[in-house]
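> Next comes target-v7.cif, mmCIF, C-alpha atoms:
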```cif
data_model
loop_
_atom_site.label_atom_id
_atom_site.label_comp_id
_atom_site.auth_asym_id
_atom_site.auth_seq_id
_atom_site.Cartn_x
_atom_site.Cartn_y
_atom_site.Cartn_z
CA MET A 30 57.41 -67.56 -19.16
CA ASP A 31 57.29 -64.13 -20.73
CA ARG A 32 55.82 -64.38 -24.22
CA GLN A 33 57.16 -60.94 -25.06
CA VAL A 34 60.75 -62.11 -24.49
CA LEU A 35 60.18 -65.24 -26.59
CA LEU A 36 58.85 -63.12 -29.44
CA VAL A 37 61.87 -60.81 -29.18
CA ILE A 38 64.24 -63.81 -29.37
CA LEU A 39 62.36 -65.26 -32.34
CA GLY A 40 62.51 -61.92 -34.17
CA MET A 41 66.17 -61.46 -33.31
CA ALA A 42 66.96 -64.98 -34.56
CA LEU A 43 65.26 -64.28 -37.89
CA VAL A 44 66.86 -60.89 -38.55
CA THR A 45 70.25 -62.30 -37.56
CA TYR A 46 69.97 -65.39 -39.74
CA LEU A 47 68.92 -63.67 -42.96
CA PRO A 48 72.01 -61.45 -43.45
CA ARG A 49 74.22 -64.44 -42.60
CA MET A 50 72.50 -66.77 -45.04
CA LEU A 51 71.30 -64.75 -48.03
CA PRO A 52 74.61 -63.72 -49.64
CA LEU A 53 76.14 -67.19 -49.35
CA VAL A 54 73.06 -69.03 -50.62
CA ILE A 55 71.39 -66.67 -53.08
CA LEU A 56 73.60 -63.75 -54.00
CA SER A 57 76.52 -65.98 -54.87
CA ARG A 58 76.46 -64.84 -58.51
CA THR A 59 75.61 -61.17 -58.05
CA GLN A 60 77.53 -58.46 -56.22
CA LEU A 61 76.17 -56.14 -53.55
CA PRO A 62 76.38 -52.47 -54.64
CA ASN A 63 79.64 -50.87 -53.58
CA ILE A 64 78.05 -47.85 -51.89
CA PHE A 65 75.91 -50.16 -49.72
CA LEU A 66 79.00 -52.15 -48.70
CA ARG A 67 80.76 -48.94 -47.68
CA TRP A 68 77.68 -47.84 -45.68
CA LEU A 69 77.63 -51.25 -44.00
CA SER A 70 81.29 -51.00 -43.04
CA TYR A 71 80.47 -47.98 -40.84
CA ILE A 72 77.50 -49.56 -39.11
CA PRO A 73 79.26 -51.56 -36.33
CA ALA A 74 81.27 -48.58 -35.05
CA ALA A 75 78.24 -46.28 -35.40
CA VAL A 76 75.90 -48.61 -33.49
CA LEU A 77 78.42 -49.19 -30.70
CA ALA A 78 79.07 -45.46 -30.28
CA ALA A 79 75.34 -44.78 -30.28
CA LEU A 80 74.89 -47.38 -27.52
CA LEU A 81 77.85 -46.23 -25.47
CA THR A 82 77.31 -42.47 -25.18
CA PRO A 83 73.82 -42.60 -23.57
CA ALA A 84 75.11 -45.23 -21.10
CA LEU A 85 77.92 -42.85 -20.09
CA PHE A 86 76.31 -39.40 -20.32
CA LEU A 87 72.69 -40.22 -19.39
CA PRO A 88 73.06 -42.78 -16.60
CA GLU A 89 69.73 -41.96 -14.91
CA GLY A 90 68.12 -40.66 -18.08
CA ARG A 91 69.41 -37.14 -17.43
CA PHE A 92 72.53 -35.48 -18.83
CA ALA A 93 75.33 -35.60 -16.18
CA LEU A 94 78.91 -34.38 -16.60
CA VAL A 95 79.96 -33.80 -12.97
CA GLY A 96 80.00 -36.49 -10.29
CA ASN A 97 79.03 -39.13 -12.84
CA PRO A 98 80.72 -42.48 -11.94
CA TYR A 99 79.99 -43.96 -15.38
CA LEU A 100 81.94 -41.19 -17.10
CA LEU A 101 84.80 -41.49 -14.59
CA ALA A 102 85.01 -45.28 -14.87
CA ALA A 103 85.11 -44.96 -18.66
CA ILE A 104 88.53 -43.23 -18.52
CA PRO A 105 90.66 -46.10 -17.12
CA THR A 106 88.48 -48.60 -19.02
CA SER A 107 89.23 -46.92 -22.36
CA LEU A 108 92.94 -46.76 -21.58
CA ILE A 109 93.02 -50.50 -20.80
CA ALA A 110 90.97 -51.21 -23.92
CA ILE A 111 93.40 -49.29 -26.15
CA ARG A 112 96.44 -50.84 -24.47
CA THR A 113 95.38 -54.49 -24.28
CA ARG A 114 92.65 -54.79 -26.95
CA SER A 115 91.31 -57.59 -24.77
CA ILE A 116 87.55 -57.87 -24.25
CA ALA A 117 87.73 -59.82 -21.00
CA LEU A 118 90.42 -57.59 -19.42
CA THR A 119 88.54 -54.43 -20.35
CA ILE A 120 85.28 -55.62 -18.79
CA LEU A 121 87.08 -56.70 -15.61
CA CYS A 122 88.92 -53.39 -15.36
CA GLY A 123 85.70 -51.45 -15.96
CA MET A 124 83.89 -53.36 -13.22
CA ALA A 125 86.83 -52.90 -10.82
CA ALA A 126 86.91 -49.14 -11.54
CA MET A 127 83.19 -48.93 -10.80
CA VAL A 128 83.58 -50.79 -7.49
CA LEU A 129 86.43 -48.46 -6.46
CA LEU A 130 84.43 -45.36 -7.41
CA ASN A 131 81.54 -46.55 -5.25
CA TYR A 132 83.87 -46.63 -2.23
CA ILE A 133 85.30 -43.14 -2.74
CA MET B 18 91.25 -90.22 -43.64
CA ASP B 19 90.84 -86.84 -45.20
CA TRP B 20 87.72 -85.81 -43.32
CA GLN B 21 89.30 -86.72 -39.99
CA LYS B 22 92.16 -84.36 -40.72
CA GLU B 23 89.68 -81.60 -41.63
CA ILE B 24 87.77 -82.10 -38.37
CA GLU B 25 91.04 -81.91 -36.48
CA ARG B 26 91.89 -78.66 -38.24
CA GLY B 27 88.44 -77.32 -37.39
CA LEU B 28 88.96 -78.09 -33.71
CA LYS B 29 92.35 -76.41 -33.79
CA SER B 30 90.91 -73.27 -35.37
CA ALA B 31 88.05 -73.23 -32.87
CA PHE B 32 90.31 -73.44 -29.82
CA PRO B 33 91.26 -69.75 -29.48
CA ILE B 34 87.64 -68.79 -30.23
CA VAL B 35 86.41 -71.09 -27.45
CA LEU B 36 88.86 -69.44 -25.05
CA GLY B 37 87.33 -66.07 -25.90
CA TYR B 38 83.70 -67.23 -25.89
CA LEU B 39 83.80 -68.97 -22.51
CA PRO B 40 84.31 -65.85 -20.33
CA LEU B 41 82.19 -63.69 -22.63
CA GLY B 42 79.29 -66.15 -22.72
CA PHE B 43 79.52 -66.43 -18.96
CA VAL B 44 79.22 -62.65 -18.53
CA TYR B 45 76.28 -62.65 -20.95
CA GLY B 46 74.56 -65.36 -18.86
CA VAL B 47 75.04 -63.41 -15.64
CA LEU B 48 73.82 -60.13 -17.15
CA ALA B 49 70.83 -61.78 -18.84
CA ARG B 50 69.63 -63.13 -15.49
CA GLU B 51 70.07 -59.69 -13.95
CA ALA B 52 68.06 -58.18 -16.79
CA GLY B 53 65.21 -60.47 -15.71
CA LEU B 54 65.44 -63.36 -18.18
CA ASP B 55 64.98 -66.88 -16.81
CA LEU B 56 67.61 -69.56 -17.37
CA PHE B 57 65.71 -71.12 -20.28
CA THR B 58 65.35 -67.90 -22.31
CA THR B 59 68.93 -66.92 -21.47
CA VAL B 60 70.20 -70.11 -23.11
CA LEU B 61 67.57 -70.01 -25.85
CA MET B 62 68.91 -66.68 -27.06
CA SER B 63 72.44 -68.10 -27.27
CA VAL B 64 71.16 -71.09 -29.26
CA PHE B 65 69.01 -69.23 -31.79
CA VAL B 66 70.49 -65.74 -32.02
CA TYR B 67 74.16 -66.55 -31.30
CA ALA B 68 75.58 -63.08 -31.80
CA GLY B 69 77.59 -61.68 -28.90
CA SER B 70 77.19 -57.94 -29.13
CA ALA B 71 73.55 -58.16 -30.28
CA GLN B 72 72.72 -60.34 -27.27
CA PHE B 73 74.36 -57.89 -24.87
CA ILE B 74 72.52 -55.01 -26.50
CA ALA B 75 69.22 -56.89 -26.42
CA ILE B 76 69.38 -57.64 -22.70
CA SER B 77 70.28 -54.04 -21.86
CA LEU B 78 67.32 -52.88 -23.97
CA LEU B 79 65.02 -55.51 -22.44
CA ALA B 80 66.03 -54.35 -18.96
CA SER B 81 65.26 -50.73 -19.86
CA GLY B 82 61.82 -51.78 -21.10
CA ALA B 83 62.33 -50.96 -24.78
CA ALA B 84 59.68 -51.94 -27.34
CA ALA B 85 60.09 -55.40 -28.92
CA LEU B 86 60.21 -53.94 -32.41
CA SER B 87 62.97 -51.51 -31.49
CA ILE B 88 65.06 -54.36 -30.01
CA ILE B 89 64.60 -56.51 -33.11
CA PHE B 90 65.42 -53.65 -35.45
CA THR B 91 68.55 -52.75 -33.47
CA THR B 92 69.63 -56.41 -33.64
CA PHE B 93 69.07 -56.39 -37.39
CA LEU B 94 71.24 -53.30 -37.78
CA VAL B 95 74.02 -54.62 -35.56
CA ASN B 96 74.09 -57.96 -37.36
CA LEU B 97 73.85 -56.56 -40.89
CA ARG B 98 77.65 -56.68 -40.93
CA HIS B 99 77.36 -60.46 -41.44
CA LEU B 100 76.21 -59.68 -44.99
CA LEU B 101 79.78 -58.64 -45.71
CA MET B 102 81.24 -61.80 -44.22
CA SER B 103 78.75 -64.12 -45.87
CA ALA B 104 79.46 -62.44 -49.21
CA SER B 105 83.24 -62.76 -48.71
CA LEU B 106 82.90 -66.52 -48.16
CA VAL B 107 81.16 -67.02 -51.51
CA PRO B 108 84.34 -67.55 -53.59
CA TYR B 109 85.48 -70.36 -51.28
CA LEU B 110 82.18 -72.15 -50.74
CA ARG B 111 80.15 -71.60 -53.92
CA ARG B 112 80.76 -75.17 -55.14
CA TYR B 113 78.82 -76.70 -52.23
CA HIS B 114 75.10 -77.41 -52.24
CA PRO B 115 72.94 -74.43 -51.10
CA SER B 116 71.26 -76.51 -48.38
CA PHE B 117 74.63 -77.10 -46.70
CA LEU B 118 75.45 -73.42 -47.02
CA ALA B 119 72.08 -72.44 -45.53
CA LEU B 120 72.98 -74.51 -42.46
CA LEU B 121 76.60 -73.44 -42.28
CA SER B 122 75.79 -69.72 -42.55
CA ALA B 123 73.58 -69.79 -39.43
CA GLU B 124 76.73 -69.84 -37.32
CA ILE B 125 78.85 -67.18 -39.00
CA THR B 126 80.29 -64.84 -36.38
CA ASP B 127 83.04 -62.21 -36.50
CA GLU B 128 85.47 -64.65 -34.94
CA THR B 129 84.64 -67.81 -36.92
CA PHE B 130 84.68 -65.76 -40.11
CA ALA B 131 88.09 -64.28 -39.37
CA MET B 132 89.46 -67.71 -38.47
CA ALA B 133 88.06 -69.43 -41.57
CA MET B 134 89.39 -66.72 -43.89
CA ALA B 135 92.85 -67.02 -42.34
CA HIS B 136 92.67 -70.81 -42.73
CA TYR B 137 91.55 -70.69 -46.38
CA ALA B 138 94.50 -68.46 -47.23
CA ASP B 139 96.63 -71.63 -47.37
CA HIS B 140 94.17 -74.56 -47.16
CA GLU B 141 91.53 -75.98 -49.46
CA PRO B 142 87.94 -75.16 -48.42
CA SER B 143 86.20 -78.02 -46.61
CA LEU B 144 82.73 -78.43 -45.17
CA PHE B 145 84.06 -80.82 -42.50
CA TYR B 146 86.53 -78.17 -41.39
CA HIS B 147 84.00 -75.37 -41.49
CA PHE B 148 81.17 -77.19 -39.69
CA THR B 149 83.57 -78.37 -36.95
CA LEU B 150 84.81 -74.81 -36.45
CA HIS B 151 81.25 -73.45 -36.31
CA LEU B 152 79.67 -76.11 -34.12
CA THR B 153 82.50 -76.13 -31.58
CA SER B 154 82.44 -72.35 -31.23
CA HIS B 155 78.65 -72.24 -30.93
CA LEU B 156 78.62 -75.05 -28.38
CA SER B 157 81.11 -73.21 -26.16
CA TRP B 158 78.97 -70.05 -26.36
CA VAL B 159 75.81 -71.93 -25.34
CA LEU B 160 77.59 -73.79 -22.55
CA ALA B 161 79.13 -70.61 -21.16
CA SER B 162 75.75 -68.80 -21.28
CA PHE B 163 74.20 -71.68 -19.35
CA LEU B 164 76.91 -71.58 -16.67
CA GLY B 165 76.66 -67.78 -16.40
CA GLY B 166 72.88 -68.04 -16.20
CA LEU B 167 73.15 -70.58 -13.38
CA THR B 168 75.54 -68.32 -11.45
CA GLY B 169 73.69 -65.09 -12.20
CA ASN B 170 71.24 -65.12 -9.32
CA LEU B 171 73.81 -66.15 -6.73
CA LEU B 172 75.81 -62.94 -7.12
CA GLY B 173 73.39 -60.65 -5.33
CA ASP B 174 73.27 -56.89 -5.95
CA PRO B 175 74.88 -56.36 -9.38
CA SER B 176 76.29 -52.90 -8.68
CA ARG B 177 78.16 -54.16 -5.60
CA LEU B 178 80.49 -56.08 -7.95
CA GLY B 179 80.56 -53.41 -10.64
CA PHE B 180 78.28 -55.37 -12.98
CA ASN B 181 76.38 -52.17 -13.74
CA PHE B 182 79.47 -51.10 -15.72
CA ALA B 183 80.03 -54.45 -17.49
CA LEU B 184 77.93 -53.50 -20.52
CA PRO B 185 79.38 -49.99 -20.99
CA ALA B 186 82.88 -51.52 -20.67
CA MET B 187 81.92 -54.12 -23.27
CA PHE B 188 80.73 -51.38 -25.66
CA ILE B 189 83.97 -49.43 -25.08
CA ILE B 190 86.26 -52.31 -26.08
CA LEU B 191 84.06 -53.42 -28.99
CA LEU B 192 84.00 -49.84 -30.27
CA ILE B 193 87.76 -49.42 -29.93
CA LEU B 194 88.31 -52.66 -31.85
CA GLN B 195 86.14 -51.21 -34.64
CA LEU B 196 88.02 -47.91 -34.97
CA LYS B 197 90.24 -48.73 -37.93
CA ASN B 198 90.86 -45.26 -39.39
CA ARG B 199 89.91 -41.57 -39.20
CA LYS B 200 86.68 -42.14 -41.09
CA THR B 201 85.30 -44.70 -38.63
CA LEU B 202 86.44 -42.45 -35.77
CA LEU B 203 84.52 -39.54 -37.27
CA VAL B 204 81.41 -41.66 -37.87
CA ALA B 205 81.56 -43.03 -34.31
CA GLY B 206 81.87 -39.49 -32.91
CA ILE B 207 78.87 -38.28 -34.91
CA ALA B 208 76.81 -41.36 -33.94
CA GLY B 209 77.66 -40.91 -30.26
CA ALA B 210 76.72 -37.22 -30.20
CA LEU B 211 73.52 -37.76 -32.20
CA SER B 212 72.49 -40.66 -29.97
CA VAL B 213 72.65 -38.57 -26.79
CA GLY B 214 70.90 -35.66 -28.49
CA ILE B 215 68.08 -37.79 -29.89
CA ALA B 216 67.66 -39.68 -26.59
CA LEU B 217 67.17 -36.38 -24.74
CA LEU B 218 64.65 -35.08 -27.27
CA TRP B 219 62.78 -38.29 -27.98
CA PRO B 220 62.56 -41.11 -25.42
CA GLY B 221 62.01 -44.72 -26.50
CA ASN B 222 65.40 -46.14 -27.53
CA TRP B 223 65.07 -45.31 -31.23
CA ASN B 224 68.09 -43.04 -30.78
CA ILE B 225 70.47 -45.97 -31.44
CA ILE B 226 69.04 -46.91 -34.83
CA LEU B 227 68.52 -43.31 -35.96
CA ALA B 228 71.96 -42.10 -34.85
CA ALA B 229 73.77 -45.10 -36.39
CA CYS B 230 72.01 -44.87 -39.77
CA LEU B 231 72.47 -41.10 -39.97
CA ALA B 232 76.13 -41.26 -38.99
CA ALA B 233 76.93 -44.06 -41.46
CA THR B 234 75.20 -42.08 -44.22
CA ILE B 235 77.21 -38.97 -43.33
CA GLY B 236 80.33 -41.17 -43.36
CA VAL B 237 79.66 -42.34 -46.91
CA ALA B 238 78.85 -38.78 -47.98
CA VAL B 239 82.04 -37.17 -46.62
CA GLU B 240 84.39 -40.03 -47.59
CA PRO B 241 85.74 -38.26 -50.72
CA TRP B 242 86.80 -35.17 -48.72
CA ILE B 243 88.49 -37.16 -45.97
CA ASP B 244 90.33 -39.39 -48.45
CA ARG B 245 91.61 -36.27 -50.23
CA SER B 246 92.87 -34.62 -47.01
CA CYS B 247 94.84 -37.69 -45.96
#
```
Kindly present the structure from the file in structure tokens form.


Amino acid sequence: MDRQVLLVILGMALVTYLPRMLPLVILSRTQLPNIFLRWLSYIPAAVLAALLTPALFLPEGRFALVGNPYLLAAIPTSLIAIRTRSIALTILCGMAAMVLLNYI
Amino acid sequence: MDWQKEIERGLKSAFPIVLGYLPLGFVYGVLAREAGLDLFTTVLMSVFVYAGSAQFIAISLLASGAAALSIIFTTFLVNLRHLLMSASLVPYLRRYHPSFLALLSAEITDETFAMAMAHYADHEPSLFYHFTLHLTSHLSWVLASFLGGLTGNLLGDPSRLGFNFALPAMFIILLILQLKNRKTLLVAGIAGALSVGIALLWPGNWNIILAACLAATIGVAVEPWIDRSC
């Protein structure tokens, strides 16, 4: 087995556990600073956007606006996402859009 | 018995979460196998990391050959939000022994947190309830990952079935669920633009961490102006 992958999982487990555990176990009497909490509240949306845009605009590592199936498939996928707010439906629709685009 | 009732309530709370985790865990299992993980490591990640979006991100980074440290740091950043949830549970659970809380907190997720908070709005806190909710949800995630991992290799070429767009689609819906107001929309827009820009200038997958931290900082900095203009 790949030791590199095992190390990654171990590291991920540790950095995931600590933020889950520390406030409940240790910080139960103190309060996290307000400005840090506000910064944290932006992080999920910021990380997801930062992950999404390269996947859409740089599919082969190069910037592509025209004839880019990822960008095209993102349009119906976003509409379904906004409409249904369902994770499973959105993924299915996205995959279906991609399959259709490959045929055209 | 009291504890039996609490376990029953925990199972009831877990039910909708299980319904959501089963398909999602399955997709994770399939994608993890396509990213090159074996069945054992695929399931191992669901047991020890147990964080949906971070696991999806990690396998897409692993497949693109990102550095281990960059994957771990991205995971840390994505899962930092659990600090908020863990801190919000303190008023309900502070009377329990820290060793129980250290165990219980290992399985805090967005969904179990939301469910527990809704439950505690009109029920007394209970460790029986909370552990049942957590363990049932986690078990369904691990089981679904295993089943997806088993199926993964049987599907053949991933792009034939559109699996190459499964992760981008996942990011789209998770992002849309996060966009609560104009401020998060602005921060997401800045993060997205910065991420592409940094990726073009500087290869190596650090664009995600850098863009997210910068955009969140800008968000905090411009908050007063946006609040005033609303």

> With chain B as the partner and 7 Å as the cut-off, tabulate the residues of chain A that qualify, each row holding the nearest pair of atoms and their distance in Å to one decimal, using only C-alpha atoms, sorted by chain and rising number, as JSON lines.


```
{"residue": "A:Val37", "atom": "CA", "partner": "B:Ala85", "partner_atom": "CA", "distance": 5.7}
{"residue": "A:Ile38", "atom": "CA", "partner": "B:Met62", "partner_atom": "CA", "distance": 5.9}
{"residue": "A:Gly40", "atom": "CA", "partner": "B:Ile89", "partner_atom": "CA", "distance": 5.9}
{"residue": "A:Met41", "atom": "CA", "partner": "B:Ile89", "partner_atom": "CA", "distance": 5.2}
{"residue": "A:Ala42", "atom": "CA", "partner": "B:Val66", "partner_atom": "CA", "distance": 4.4}
{"residue": "A:Val44", "atom": "CA", "partner": "B:Phe93", "partner_atom": "CA", "distance": 5.1}
{"residue": "A:Thr45", "atom": "CA", "partner": "B:Asn96", "partner_atom": "CA", "distance": 5.8}
{"residue": "A:Tyr46", "atom": "CA", "partner": "B:Ala123", "partner_atom": "CA", "distance": 5.7}
{"residue": "A:Pro48", "atom": "CA", "partner": "B:Leu100", "partner_atom": "CA", "distance": 4.8}
{"residue": "A:Arg49", "atom": "CA", "partner": "B:His99", "partner_atom": "CA", "distance": 5.2}
{"residue": "A:Met50", "atom": "CA", "partner": "B:Ser122", "partner_atom": "CA", "distance": 5.1}
{"residue": "A:Pro52", "atom": "CA", "partner": "B:Ala104", "partner_atom": "CA", "distance": 5.0}
{"residue": "A:Leu53", "atom": "CA", "partner": "B:Ser103", "partner_atom": "CA", "distance": 5.3}
{"residue": "A:Val54", "atom": "CA", "partner": "B:Pro115", "partner_atom": "CA", "distance": 5.4}
{"residue": "A:Ser57", "atom": "CA", "partner": "B:Val107", "partner_atom": "CA", "distance": 5.8}
{"residue": "A:Arg67", "atom": "CA", "partner": "B:Val237", "partner_atom": "CA", "distance": 6.7}
{"residue": "A:Trp68", "atom": "CA", "partner": "B:Ala233", "partner_atom": "CA", "distance": 5.7}
{"residue": "A:Leu69", "atom": "CA", "partner": "B:Arg98", "partner_atom": "CA", "distance": 6.2}
{"residue": "A:Tyr71", "atom": "CA", "partner": "B:Ala233", "partner_atom": "CA", "distance": 5.3}
{"residue": "A:Ile72", "atom": "CA", "partner": "B:Ala233", "partner_atom": "CA", "distance": 6.0}
{"residue": "A:Pro73", "atom": "CA", "partner": "B:Val95", "partner_atom": "CA", "distance": 6.1}
{"residue": "A:Ala74", "atom": "CA", "partner": "B:Gln195", "partner_atom": "CA", "distance": 5.5}
{"residue": "A:Ala75", "atom": "CA", "partner": "B:Ala229", "partner_atom": "CA", "distance": 4.7}
{"residue": "A:Val76", "atom": "CA", "partner": "B:Ala229", "partner_atom": "CA", "distance": 5.0}
{"residue": "A:Leu77", "atom": "CA", "partner": "B:Leu192", "partner_atom": "CA", "distance": 5.6}
{"residue": "A:Ala78", "atom": "CA", "partner": "B:Gly209", "partner_atom": "CA", "distance": 4.8}
{"residue": "A:Ala79", "atom": "CA", "partner": "B:Gly209", "partner_atom": "CA", "distance": 4.5}
{"residue": "A:Leu80", "atom": "CA", "partner": "B:Ile225", "partner_atom": "CA", "distance": 6.1}
{"residue": "A:Leu81", "atom": "CA", "partner": "B:Phe188", "partner_atom": "CA", "distance": 5.9}
{"residue": "A:Thr82", "atom": "CA", "partner": "B:Gly209", "partner_atom": "CA", "distance": 5.3}
{"residue": "A:Pro83", "atom": "CA", "partner": "B:Val213", "partner_atom": "CA", "distance": 5.3}
{"residue": "A:Ala84", "atom": "CA", "partner": "B:Pro185", "partner_atom": "CA", "distance": 6.4}
{"residue": "A:Thr106", "atom": "CA", "partner": "B:Ala186", "partner_atom": "CA", "distance": 6.5}
{"residue": "A:Ser107", "atom": "CA", "partner": "B:Ile189", "partner_atom": "CA", "distance": 6.4}
{"residue": "A:Ala110", "atom": "CA", "partner": "B:Ile190", "partner_atom": "CA", "distance": 5.3}
{"residue": "A:Ile111", "atom": "CA", "partner": "B:Ile193", "partner_atom": "CA", "distance": 6.8}
{"residue": "A:Arg114", "atom": "CA", "partner": "B:Leu194", "partner_atom": "CA", "distance": 6.9}
{"residue": "A:Ile116", "atom": "CA", "partner": "B:Ile190", "partner_atom": "CA", "distance": 6.0}
{"residue": "A:Ala117", "atom": "CA", "partner": "B:Leu41", "partner_atom": "CA", "distance": 7.0}
{"residue": "A:Thr119", "atom": "CA", "partner": "B:Ala186", "partner_atom": "CA", "distance": 6.4}
{"residue": "A:Ile120", "atom": "CA", "partner": "B:Ala186", "partner_atom": "CA", "distance": 5.1}
{"residue": "A:Gly123", "atom": "CA", "partner": "B:Ala186", "partner_atom": "CA", "distance": 5.5}
{"residue": "A:Met124", "atom": "CA", "partner": "B:Gly179", "partner_atom": "CA", "distance": 4.2}
{"residue": "A:Ala125", "atom": "CA", "partner": "B:Gly179", "partner_atom": "CA", "distance": 6.3}
{"residue": "A:Met127", "atom": "CA", "partner": "B:Gly179", "partner_atom": "CA", "distance": 5.2}
{"residue": "A:Val128", "atom": "CA", "partner": "B:Gly179", "partner_atom": "CA", "distance": 5.1}
```

> Written as an mmCIF file with C-alpha atoms, in the frame of the given file, which residues does the PyMOL selection byres ((chain B and resi 149-165) around 7) give for the file shown?


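Here's the written file expr33.cif:
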```cif
data_model
loop_
_atom_site.group_PDB
_atom_site.id
_atom_site.type_symbol
_atom_site.label_atom_id
_atom_site.label_comp_id
_atom_site.auth_asym_id
_atom_site.auth_seq_id
_atom_site.Cartn_x
_atom_site.Cartn_y
_atom_site.Cartn_z
ATOM 1 C CA ILE B 24 87.770 -82.100 -38.370
ATOM 2 C CA GLY B 27 88.440 -77.320 -37.390
ATOM 3 C CA LEU B 28 88.960 -78.090 -33.710
ATOM 4 C CA SER B 30 90.910 -73.270 -35.370
ATOM 5 C CA ALA B 31 88.050 -73.230 -32.870
ATOM 6 C CA ILE B 34 87.640 -68.790 -30.230
ATOM 7 C CA VAL B 35 86.410 -71.090 -27.450
ATOM 8 C CA TYR B 38 83.700 -67.230 -25.890
ATOM 9 C CA LEU B 39 83.800 -68.970 -22.510
ATOM 10 C CA GLY B 42 79.290 -66.150 -22.720
ATOM 11 C CA PHE B 43 79.520 -66.430 -18.960
ATOM 12 C CA VAL B 44 79.220 -62.650 -18.530
ATOM 13 C CA TYR B 45 76.280 -62.650 -20.950
ATOM 14 C CA GLY B 46 74.560 -65.360 -18.860
ATOM 15 C CA VAL B 47 75.040 -63.410 -15.640
ATOM 16 C CA VAL B 60 70.200 -70.110 -23.110
ATOM 17 C CA SER B 63 72.440 -68.100 -27.270
ATOM 18 C CA VAL B 64 71.160 -71.090 -29.260
ATOM 19 C CA GLU B 124 76.730 -69.840 -37.320
ATOM 20 C CA THR B 129 84.640 -67.810 -36.920
ATOM 21 C CA PHE B 145 84.060 -80.820 -42.500
ATOM 22 C CA TYR B 146 86.530 -78.170 -41.390
ATOM 23 C CA HIS B 147 84.000 -75.370 -41.490
ATOM 24 C CA PHE B 148 81.170 -77.190 -39.690
ATOM 25 C CA GLY B 166 72.880 -68.040 -16.200
ATOM 26 C CA LEU B 167 73.150 -70.580 -13.380
ATOM 27 C CA THR B 168 75.540 -68.320 -11.450
ATOM 28 C CA GLY B 169 73.690 -65.090 -12.200
#
```

> Pick out the residues sitting within 8 Å of Leu100 in chain A, and hand them over as a list in words; count all atoms listed in the file, and ignore anything fewer than 6 positions along from it in its own chain.

Leu85, Phe86 and Leu94 of chain A

> Distance CA of Leu48 in chain B-CA of Val95 in chain A, one decimal place?

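Straight-line distance from CA of Leu48 in chain B to CA of Val95 in chain A works out to 27.4 Å.
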
> What gap, in Å, lies between CA of Leu144 in chain B and CA of Glu23 in chain B?

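CA of Glu23 in chain B lies at a distance of 8.4 Å from CA of Leu144 in chain B.
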
> What is the CA of Pro98 in chain A-CA of Leu130 in chain A distance in Å, reported with one decimal?

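For CA of Pro98 in chain A relative to CA of Leu130 in chain A, the distance reads 6.5 Å.
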
> Of the candidates A:Thr113, A:Asn131, A:Ile55, A:Leu118, which shows the shortest atom-to-atom distance to Leu101 in chain A, using all atoms listed in the file?

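That would be A:Asn131, the residue with the smallest distance to Leu101 in chain A.
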
> Let me make sure I understand: among B:Arg199, B:Asp139, B:Ala133, B:Ala83, which one has the smallest atom-to-atom distance to Gln33 in chain A if we use only C-alpha atoms?

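Under the stated criterion, the closest residue is B:Ala83.
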